[in-house]
$ cat upload_27.cif   # mmCIF, C-alpha atoms
data_target
#
loop_
_atom_site.group_PDB
_atom_site.id
_atom_site.type_symbol
_atom_site.label_atom_id
_atom_site.label_comp_id
_atom_site.auth_asym_id
_atom_site.auth_seq_id
_atom_site.Cartn_x
_atom_site.Cartn_y
_atom_site.Cartn_z
ATOM 1 C CA MET U 1 46.844 -105.423 24.305
ATOM 2 C CA PHE U 2 48.663 -102.470 25.768
ATOM 3 C CA TRP U 3 48.768 -100.620 22.449
ATOM 4 C CA LEU U 4 45.147 -101.443 21.795
ATOM 5 C CA PHE U 5 44.237 -100.010 25.172
ATOM 6 C CA LEU U 6 46.154 -96.809 24.382
ATOM 7 C CA ALA U 7 44.459 -96.583 20.989
ATOM 8 C CA LEU U 8 41.034 -96.921 22.576
ATOM 9 C CA GLN U 9 41.896 -94.274 25.153
ATOM 10 C CA LEU U 10 43.061 -91.939 22.387
ATOM 11 C CA VAL U 11 39.885 -92.468 20.361
ATOM 12 C CA ASN U 12 37.781 -91.906 23.455
ATOM 13 C CA ALA U 13 39.663 -88.698 24.245
ATOM 14 C CA LEU U 14 39.203 -87.416 20.694
ATOM 15 C CA CYS U 15 35.485 -88.211 20.797
ATOM 16 C CA SER U 16 35.122 -86.409 24.133
ATOM 17 C CA THR U 17 36.191 -83.015 22.773
ATOM 18 C CA VAL U 18 34.659 -80.571 20.314
ATOM 19 C CA THR U 19 35.640 -77.358 18.579
ATOM 20 C CA ILE U 20 33.540 -74.262 19.197
ATOM 21 C CA LYS U 21 33.659 -71.835 16.267
ATOM 22 C CA GLY U 22 32.707 -68.188 16.100
ATOM 23 C CA GLN U 23 32.854 -65.216 13.762
ATOM 24 C CA LEU U 24 33.077 -61.487 14.441
ATOM 25 C CA SER U 25 31.099 -59.383 11.967
ATOM 26 C CA LEU U 26 31.573 -55.602 11.736
ATOM 27 C CA SER U 27 29.514 -55.263 8.524
ATOM 28 C CA PRO U 28 29.321 -53.019 6.536
ATOM 29 C CA ARG U 29 32.813 -52.198 7.773
ATOM 30 C CA ASN U 30 35.624 -54.630 6.949
ATOM 31 C CA ILE U 31 37.801 -56.108 9.689
ATOM 32 C CA THR U 32 41.315 -54.684 9.782
ATOM 33 C CA ASN U 33 44.550 -55.918 11.315
ATOM 34 C CA ASN U 34 43.966 -53.436 14.127
ATOM 35 C CA ASP U 35 40.636 -55.148 14.917
ATOM 36 C CA VAL U 36 42.390 -58.533 14.959
ATOM 37 C CA VAL U 37 44.804 -57.542 17.715
ATOM 38 C CA ARG U 38 42.213 -55.577 19.717
ATOM 39 C CA SER U 39 39.463 -58.246 19.888
ATOM 40 C CA PHE U 40 39.494 -60.965 22.562
ATOM 41 C CA PHE U 41 37.442 -64.065 23.322
ATOM 42 C CA ARG U 42 37.504 -66.206 26.454
ATOM 43 C CA LEU U 43 35.853 -69.551 27.181
ATOM 44 C CA TYR U 44 35.605 -71.174 30.598
ATOM 45 C CA GLN U 45 33.664 -74.076 32.033
ATOM 46 C CA VAL U 46 30.729 -73.550 34.411
ATOM 47 C CA GLY U 47 28.225 -75.784 36.153
ATOM 48 C CA ASN U 48 28.818 -79.229 37.623
ATOM 49 C CA PHE U 49 32.052 -80.867 36.512
ATOM 50 C CA THR U 50 34.906 -82.856 37.968
ATOM 51 C CA GLY U 51 38.547 -81.909 37.907
ATOM 52 C CA ARG U 52 39.998 -78.615 36.835
ATOM 53 C CA PRO U 53 37.698 -76.357 34.792
ATOM 54 C CA TYR U 54 38.465 -75.756 31.154
ATOM 55 C CA VAL U 55 39.717 -72.222 30.423
ATOM 56 C CA ASP U 56 41.036 -70.946 27.106
ATOM 57 C CA ASN U 57 41.517 -67.711 25.179
ATOM 58 C CA ALA U 58 41.143 -67.124 21.465
ATOM 59 C CA SER U 59 41.730 -64.330 18.983
ATOM 60 C CA LEU U 60 40.747 -63.670 15.394
ATOM 61 C CA LYS U 61 42.494 -65.992 12.958
ATOM 62 C CA ASN U 62 42.112 -63.801 9.876
ATOM 63 C CA LEU U 63 40.406 -60.730 8.427
ATOM 64 C CA ASP U 64 37.232 -62.779 7.878
ATOM 65 C CA GLY U 65 36.649 -62.622 11.634
ATOM 66 C CA TYR U 66 36.822 -66.339 12.419
ATOM 67 C CA PHE U 67 37.995 -67.668 15.781
ATOM 68 C CA GLU U 68 37.702 -71.035 17.526
ATOM 69 C CA PHE U 69 38.281 -72.968 20.724
ATOM 70 C CA LYS U 70 39.770 -76.403 20.114
ATOM 71 C CA ASP U 71 39.672 -79.546 22.256
ATOM 72 C CA VAL U 72 36.767 -78.387 24.425
ATOM 73 C CA PRO U 73 35.922 -81.352 26.710
ATOM 74 C CA ILE U 74 32.383 -82.704 26.907
ATOM 75 C CA SER U 75 30.617 -85.009 29.315
ATOM 76 C CA SER U 76 31.718 -88.648 29.117
ATOM 77 C CA GLU U 77 28.164 -89.843 29.773
ATOM 78 C CA GLU U 78 25.704 -90.317 26.942
ATOM 79 C CA ASN U 79 23.124 -87.493 26.905
ATOM 80 C CA GLY U 80 25.322 -85.719 29.463
ATOM 81 C CA LYS U 81 25.553 -81.943 29.205
ATOM 82 C CA SER U 82 28.516 -79.616 29.623
ATOM 83 C CA TYR U 83 28.245 -75.850 30.019
ATOM 84 C CA TYR U 84 30.670 -73.119 29.051
ATOM 85 C CA GLN U 85 30.657 -69.358 29.207
ATOM 86 C CA MET U 86 32.055 -67.308 26.318
ATOM 87 C CA VAL U 87 33.008 -63.688 26.978
ATOM 88 C CA CYS U 88 33.597 -61.427 23.968
ATOM 89 C CA SER U 89 35.351 -58.080 24.242
ATOM 90 C CA SER U 90 36.935 -55.434 22.051
ATOM 91 C CA LEU U 91 38.958 -52.330 22.815
ATOM 92 C CA ASP U 92 37.088 -50.350 20.155
ATOM 93 C CA PHE U 93 33.551 -51.767 19.859
ATOM 94 C CA ASN U 94 30.659 -52.658 22.129
ATOM 95 C CA LEU U 95 30.067 -56.255 21.115
ATOM 96 C CA LYS U 96 26.835 -58.204 21.323
ATOM 97 C CA PRO U 97 26.229 -60.664 22.658
ATOM 98 C CA ASN U 98 29.204 -60.182 24.952
ATOM 99 C CA ARG U 99 28.282 -63.150 27.179
ATOM 100 C CA ILE U 100 27.165 -66.451 25.691
ATOM 101 C CA LEU U 101 26.170 -69.632 27.500
ATOM 102 C CA ILE U 102 27.149 -72.715 25.496
ATOM 103 C CA GLU U 103 25.510 -76.101 26.116
ATOM 104 C CA ILE U 104 27.162 -79.250 24.692
ATOM 105 C CA THR U 105 25.272 -82.547 24.754
ATOM 106 C CA ASN U 106 27.043 -85.884 24.309
ATOM 107 C CA ASN U 107 24.880 -87.899 21.894
ATOM 108 C CA GLY U 108 26.993 -91.052 22.077
ATOM 109 C CA SER U 109 29.829 -92.356 19.966
ATOM 110 C CA GLN U 110 27.755 -92.675 16.793
ATOM 111 C CA VAL U 111 26.276 -89.155 16.699
ATOM 112 C CA PRO U 112 28.209 -85.866 16.853
ATOM 113 C CA PRO U 113 27.664 -83.752 19.971
ATOM 114 C CA THR U 114 25.008 -81.049 19.894
ATOM 115 C CA ILE U 115 26.196 -77.483 20.507
ATOM 116 C CA LYS U 116 23.665 -74.846 21.554
ATOM 117 C CA ALA U 117 24.345 -71.178 22.325
ATOM 118 C CA PHE U 118 22.252 -68.796 24.439
ATOM 119 C CA GLN U 119 22.559 -65.074 25.000
ATOM 120 C CA ASN U 120 23.394 -64.739 28.680
ATOM 121 C CA VAL U 121 22.492 -61.920 31.051
ATOM 122 C CA PHE U 122 24.986 -59.386 32.381
ATOM 123 C CA GLY U 123 25.760 -60.091 36.017
ATOM 124 C CA ARG U 124 24.742 -63.740 35.792
ATOM 125 C CA GLU U 125 27.384 -65.565 33.823
ATOM 126 C CA ASN U 126 26.348 -69.067 34.901
ATOM 127 C CA PHE U 127 23.336 -71.077 33.891
ATOM 128 C CA PRO U 128 20.339 -71.253 36.301
ATOM 129 C CA SER U 129 20.511 -73.822 39.069
ATOM 130 C CA PRO U 130 18.545 -77.055 38.368
ATOM 131 C CA GLU U 131 16.860 -76.526 41.730
ATOM 132 C CA LEU U 132 14.966 -73.482 40.412
ATOM 133 C CA LEU U 133 11.362 -74.297 39.565
ATOM 134 C CA TYR U 134 10.989 -71.537 36.960
ATOM 135 C CA PRO U 135 14.416 -70.644 35.604
ATOM 136 C CA GLU U 136 14.789 -67.635 33.338
ATOM 137 C CA GLN U 137 14.559 -68.527 29.662
ATOM 138 C CA LEU U 138 17.571 -67.383 27.662
ATOM 139 C CA VAL U 139 17.411 -66.401 23.999
ATOM 140 C CA GLU U 140 18.907 -69.141 21.835
ATOM 141 C CA LEU U 141 21.486 -68.115 19.226
ATOM 142 C CA PRO U 142 22.447 -69.886 15.983
ATOM 143 C CA ALA U 143 25.540 -72.021 16.624
ATOM 144 C CA ASP U 144 25.918 -73.911 13.345
ATOM 145 C CA PRO U 145 28.306 -73.525 11.614
ATOM 146 C CA PHE U 146 29.537 -70.798 13.986
ATOM 147 C CA ILE U 147 28.368 -68.320 16.638
ATOM 148 C CA GLU U 148 28.140 -64.820 15.181
ATOM 149 C CA ILE U 149 29.294 -61.824 17.193
ATOM 150 C CA THR U 150 28.518 -58.288 16.075
ATOM 151 C CA TYR U 151 28.354 -54.801 17.613
ATOM 152 C CA VAL U 152 25.619 -52.786 19.317
ATOM 153 C CA GLN U 153 23.901 -50.752 16.596
ATOM 154 C CA SER U 154 22.864 -47.866 18.842
ATOM 155 C CA ALA U 155 26.333 -47.445 20.388
ATOM 156 C CA PRO U 156 28.956 -49.305 18.355
ATOM 157 C CA LEU U 157 32.059 -47.487 19.600
ATOM 158 C CA ARG U 158 33.451 -47.473 23.109
ATOM 159 C CA ASN U 159 33.960 -43.998 24.578
ATOM 160 C CA TYR U 160 36.789 -43.883 27.091
ATOM 161 C CA ILE U 161 36.859 -40.083 27.596
ATOM 162 C CA ILE U 162 33.626 -38.113 27.825
ATOM 163 C CA PRO U 163 33.988 -34.341 28.515
ATOM 164 C CA ARG U 164 31.964 -33.465 31.607
ATOM 165 C CA ASN U 165 31.666 -29.750 30.796
ATOM 166 C CA PRO U 166 31.682 -28.993 27.037
ATOM 167 C CA GLY U 167 33.272 -25.730 25.893
ATOM 168 C CA MET U 168 31.485 -22.509 24.983
ATOM 169 C CA LEU U 169 31.780 -23.309 21.292
ATOM 170 C CA GLN U 170 30.206 -26.763 21.750
ATOM 171 C CA SER U 171 27.079 -25.854 23.724
ATOM 172 C CA GLY U 172 25.141 -22.744 24.633
ATOM 173 C CA PRO U 173 24.109 -19.616 22.695
ATOM 174 C CA LEU U 174 27.522 -19.061 21.128
ATOM 175 C CA ALA U 175 27.580 -22.613 19.818
ATOM 176 C CA SER U 176 24.135 -22.168 18.220
ATOM 177 C CA ILE U 177 25.401 -19.054 16.412
ATOM 178 C CA PHE U 178 28.615 -20.622 15.132
ATOM 179 C CA ASN U 179 26.827 -23.821 14.092
ATOM 180 C CA SER U 180 24.280 -21.909 11.966
ATOM 181 C CA LYS U 181 25.550 -20.185 8.822
ATOM 182 C CA TYR U 182 22.580 -17.782 8.774
ATOM 183 C CA LYS U 183 23.099 -16.632 12.355
ATOM 184 C CA LEU U 184 26.825 -16.307 11.735
ATOM 185 C CA ALA U 185 26.198 -14.173 8.615
ATOM 186 C CA GLY U 186 23.833 -11.911 10.592
ATOM 187 C CA LEU U 187 26.406 -11.516 13.375
ATOM 188 C CA ILE U 188 29.115 -10.542 10.880
ATOM 189 C CA THR U 189 26.768 -7.972 9.299
ATOM 190 C CA VAL U 190 26.001 -6.343 12.652
ATOM 191 C CA ILE U 191 29.681 -6.172 13.551
ATOM 192 C CA CYS U 192 30.497 -4.554 10.188
ATOM 193 C CA LEU U 193 27.782 -1.918 10.676
ATOM 194 C CA LEU U 194 29.141 -1.078 14.114
ATOM 195 C CA LEU U 195 32.743 -0.866 12.935
ATOM 196 C CA PHE U 196 32.064 1.006 9.686
ATOM 197 C CA PRO U 197 31.970 4.574 11.200
ATOM 198 C CA LEU U 198 35.155 3.941 13.176
ATOM 199 C CA LEU U 199 36.982 2.616 10.122
ATOM 200 C CA VAL U 200 35.849 5.518 7.940
ATOM 201 C CA GLU U 201 36.918 8.051 10.570
ATOM 202 C CA LYS U 202 40.323 6.466 10.811
ATOM 203 C CA PHE U 203 41.075 6.094 7.103
ATOM 204 C CA ASP U 204 39.113 9.128 5.695
ATOM 205 C CA PRO U 205 38.724 11.899 8.340
ATOM 206 C CA GLU U 206 37.724 14.558 5.725
ATOM 207 C CA THR U 207 34.704 12.541 4.651
ATOM 208 C CA VAL U 208 33.675 12.056 8.268
ATOM 209 C CA GLN U 209 33.974 15.802 8.919
ATOM 210 C CA ALA U 210 31.858 16.557 5.849
ATOM 211 C CA MET U 211 29.208 14.135 7.007
ATOM 212 C CA LYS U 212 29.106 15.778 10.466
ATOM 213 C CA GLU U 213 28.768 19.256 8.942
ATOM 214 C CA GLN U 214 26.011 18.058 6.635
ATOM 215 C CA LYS U 215 24.185 16.616 9.609
ATOM 216 C CA ILE U 216 24.543 19.879 11.564
ATOM 217 C CA ASN U 217 23.265 21.928 8.610
ATOM 218 C CA LYS U 218 20.218 19.712 8.246
ATOM 219 C CA ALA U 219 19.481 20.121 11.956
ATOM 220 C CA LYS U 220 19.792 23.949 11.674
ATOM 221 C CA GLU U 221 17.483 24.047 8.658
ATOM 222 C CA ARG U 222 14.911 21.948 10.459
ATOM 223 C CA TYR U 223 14.948 24.130 13.593
ATOM 224 C CA GLY U 224 14.983 27.314 11.484
ATOM 225 C CA LYS U 225 11.844 26.363 9.620
ATOM 226 C CA SER U 226 10.069 25.423 12.822
ATOM 227 C CA ALA U 227 10.934 28.796 14.392
#

$ encode --input "upload_27.cif" --output "structure tokens"
Amino acid sequence: MFWLFLALQLVNALCSTVTIKGQLSLSPRNITNNDVVRSFFRLYQVGNFTGRPYVDNASLKNLDGYFEFKDVPISSEENGKSYYQMVCSSLDFNLKPNRILIEITNNGSQVPPTIKAFQNVFGRENFPSPELLYPEQLVELPADPFIEITYVQSAPLRNYIIPRNPGMLQSGPLASIFNSKYKLAGLITVICLLLFPLLVEKFDPETVQAMKEQKINKAKERYGKSA
């Protein structure tokens, strides 16, 4: 009888836990070993429960992006519900959804538990109180066979350092000149025209002197004809 009692307790314990599975998708980019060690997932129990709350951490198991939380306890009562909060984070990417409310319903010993996932709201990591007459409706997420996590399309990468004052070559009139090949070509042409007389005078002074004399003679001829 004693061993039978232990066997029943063991079966009951196994039936009172589930495994929550998830997958990180960075498509079209493939997951690397660096992404494996820099991605983190945390699951903790919320709502009404007895005893110590369940808390566990998980990481990516492979380059396919799979992760899981094993032996997650569920309510011992039939049709009883258990609630958990999953927090997803990465050192390199802005993940979405980064907060997920998970609802697990005990359907009895003959039917597997039902796992539902909802995209939670930042700043409110618990489910609404049952006392609320009109609780906020959360967006349900696919949870079978796993909960998919991806990145924010509009801002996928996390920026840790943002320059407050960009340099002269990054913004302003100088930046517009250097970033445009046509403006840069025009600037180089103007500089060459300004430097050409100085360069000629330095490397060929006789030619410069001849040009000055020719200019003076033309001025004398012009004034002589007018007189």

$ closest_residue --input "upload_27.cif" --among "U:Ile115, U:Ala58, U:Ile216, U:Ala175" --to "Ser82 (chain U)" --atoms "all atoms listed in the file"
U:Ile115

$ resolve_selection --input "upload_27.cif" --expression "the PyMOL selection byres ((chain U and resi 116) around 9)" --output "VMD selection string"
chain U and resid 101 to 105 114 to 115 117 to 118 140 to 144

$ axis_aligned_box --input "upload_27.cif" --around "region 52-64 of chain U" --padding-each-side "6 Å" --output "JSON"
{"center_x": 39.9, "center_y": -69.7, "center_z": 22.4, "size_x": 17.3, "size_y": 29.9, "size_z": 41.0}

$ closest_residue --input "upload_27.cif" --among "U:Ile31, U:Leu60, U:Val36, U:Val72" --to "Thr17 (chain U)" --atoms "only C-alpha atoms"
U:Val72

$ residues_around --input "upload_27.cif" --residues "region 146-159 of chain U" --least-positions-apart "3" --cutoff "7 Å" --atoms "all atoms listed in the file" --output "list in words"
Lys21, Gly22, Gln23, Leu24, Ser25, Leu26, Asp92, Phe93, Asn94, Leu95, Lys96, Pro97, Pro142, Ala143 and Ile162 of chain U

$ atom_distance --input "upload_27.cif" --atom1 "CA of Phe178 (chain U)" --atom2 "CA of Val190 (chain U)"
14.7 Å

$ build_atoms --input "upload_27.cif" --residues "region 144-156 of chain U" --atoms "N, CA, C and O atoms" --output "PDB file, in the coordinates of the input"
ATOM      1  N   ASP U 144      25.426 -73.086  14.446  1.00  0.00           N
ATOM      2  CA  ASP U 144      25.918 -73.911  13.345  1.00  0.00           C
ATOM      3  C   ASP U 144      25.895 -73.094  12.054  1.00  0.00           C
ATOM      4  O   ASP U 144      24.853 -72.554  11.679  1.00  0.00           O
ATOM      5  N   PRO U 145      26.996 -72.890  11.368  1.00  0.00           N
ATOM      6  CA  PRO U 145      28.306 -73.525  11.614  1.00  0.00           C
ATOM      7  C   PRO U 145      29.184 -72.772  12.616  1.00  0.00           C
ATOM      8  O   PRO U 145      30.228 -73.256  13.002  1.00  0.00           O
ATOM      9  N   PHE U 146      28.753 -71.551  13.014  1.00  0.00           N
ATOM     10  CA  PHE U 146      29.537 -70.798  13.986  1.00  0.00           C
ATOM     11  C   PHE U 146      28.612 -69.846  14.737  1.00  0.00           C
ATOM     12  O   PHE U 146      27.463 -69.596  14.325  1.00  0.00           O
ATOM     13  N   ILE U 147      29.097 -69.314  15.842  1.00  0.00           N
ATOM     14  CA  ILE U 147      28.368 -68.320  16.638  1.00  0.00           C
ATOM     15  C   ILE U 147      28.785 -66.937  16.157  1.00  0.00           C
ATOM     16  O   ILE U 147      29.972 -66.596  16.160  1.00  0.00           O
ATOM     17  N   GLU U 148      27.823 -66.139  15.733  1.00  0.00           N
ATOM     18  CA  GLU U 148      28.140 -64.820  15.181  1.00  0.00           C
ATOM     19  C   GLU U 148      28.123 -63.753  16.274  1.00  0.00           C
ATOM     20  O   GLU U 148      27.180 -63.666  17.061  1.00  0.00           O
ATOM     21  N   ILE U 149      29.170 -62.944  16.273  1.00  0.00           N
ATOM     22  CA  ILE U 149      29.294 -61.824  17.193  1.00  0.00           C
ATOM     23  C   ILE U 149      29.303 -60.541  16.375  1.00  0.00           C
ATOM     24  O   ILE U 149      30.001 -60.452  15.357  1.00  0.00           O
ATOM     25  N   THR U 150      28.541 -59.556  16.780  1.00  0.00           N
ATOM     26  CA  THR U 150      28.518 -58.288  16.075  1.00  0.00           C
ATOM     27  C   THR U 150      28.628 -57.151  17.089  1.00  0.00           C
ATOM     28  O   THR U 150      29.061 -57.377  18.222  1.00  0.00           O
ATOM     29  N   TYR U 151      28.242 -55.950  16.714  1.00  0.00           N
ATOM     30  CA  TYR U 151      28.354 -54.801  17.613  1.00  0.00           C
ATOM     31  C   TYR U 151      26.976 -54.201  17.873  1.00  0.00           C
ATOM     32  O   TYR U 151      26.032 -54.413  17.119  1.00  0.00           O
ATOM     33  N   VAL U 152      26.879 -53.431  18.949  1.00  0.00           N
ATOM     34  CA  VAL U 152      25.619 -52.786  19.317  1.00  0.00           C
ATOM     35  C   VAL U 152      25.338 -51.663  18.324  1.00  0.00           C
ATOM     36  O   VAL U 152      26.156 -50.751  18.157  1.00  0.00           O
ATOM     37  N   GLN U 153      24.200 -51.717  17.642  1.00  0.00           N
ATOM     38  CA  GLN U 153      23.901 -50.752  16.596  1.00  0.00           C
ATOM     39  C   GLN U 153      23.753 -49.334  17.145  1.00  0.00           C
ATOM     40  O   GLN U 153      24.202 -48.372  16.526  1.00  0.00           O
ATOM     41  N   SER U 154      23.125 -49.204  18.303  1.00  0.00           N
ATOM     42  CA  SER U 154      22.864 -47.866  18.842  1.00  0.00           C
ATOM     43  C   SER U 154      24.118 -47.209  19.404  1.00  0.00           C
ATOM     44  O   SER U 154      24.202 -45.974  19.460  1.00  0.00           O
ATOM     45  N   ALA U 155      25.087 -47.996  19.828  1.00  0.00           N
ATOM     46  CA  ALA U 155      26.333 -47.445  20.388  1.00  0.00           C
ATOM     47  C   ALA U 155      27.482 -48.370  20.027  1.00  0.00           C
ATOM     48  O   ALA U 155      27.968 -49.134  20.865  1.00  0.00           O
ATOM     49  N   PRO U 156      27.933 -48.346  18.783  1.00  0.00           N
ATOM     50  CA  PRO U 156      28.956 -49.305  18.355  1.00  0.00           C
ATOM     51  C   PRO U 156      30.337 -49.063  18.949  1.00  0.00           C
ATOM     52  O   PRO U 156      31.063 -50.013  19.230  1.00  0.00           O
TER      53      PRO U 156
END
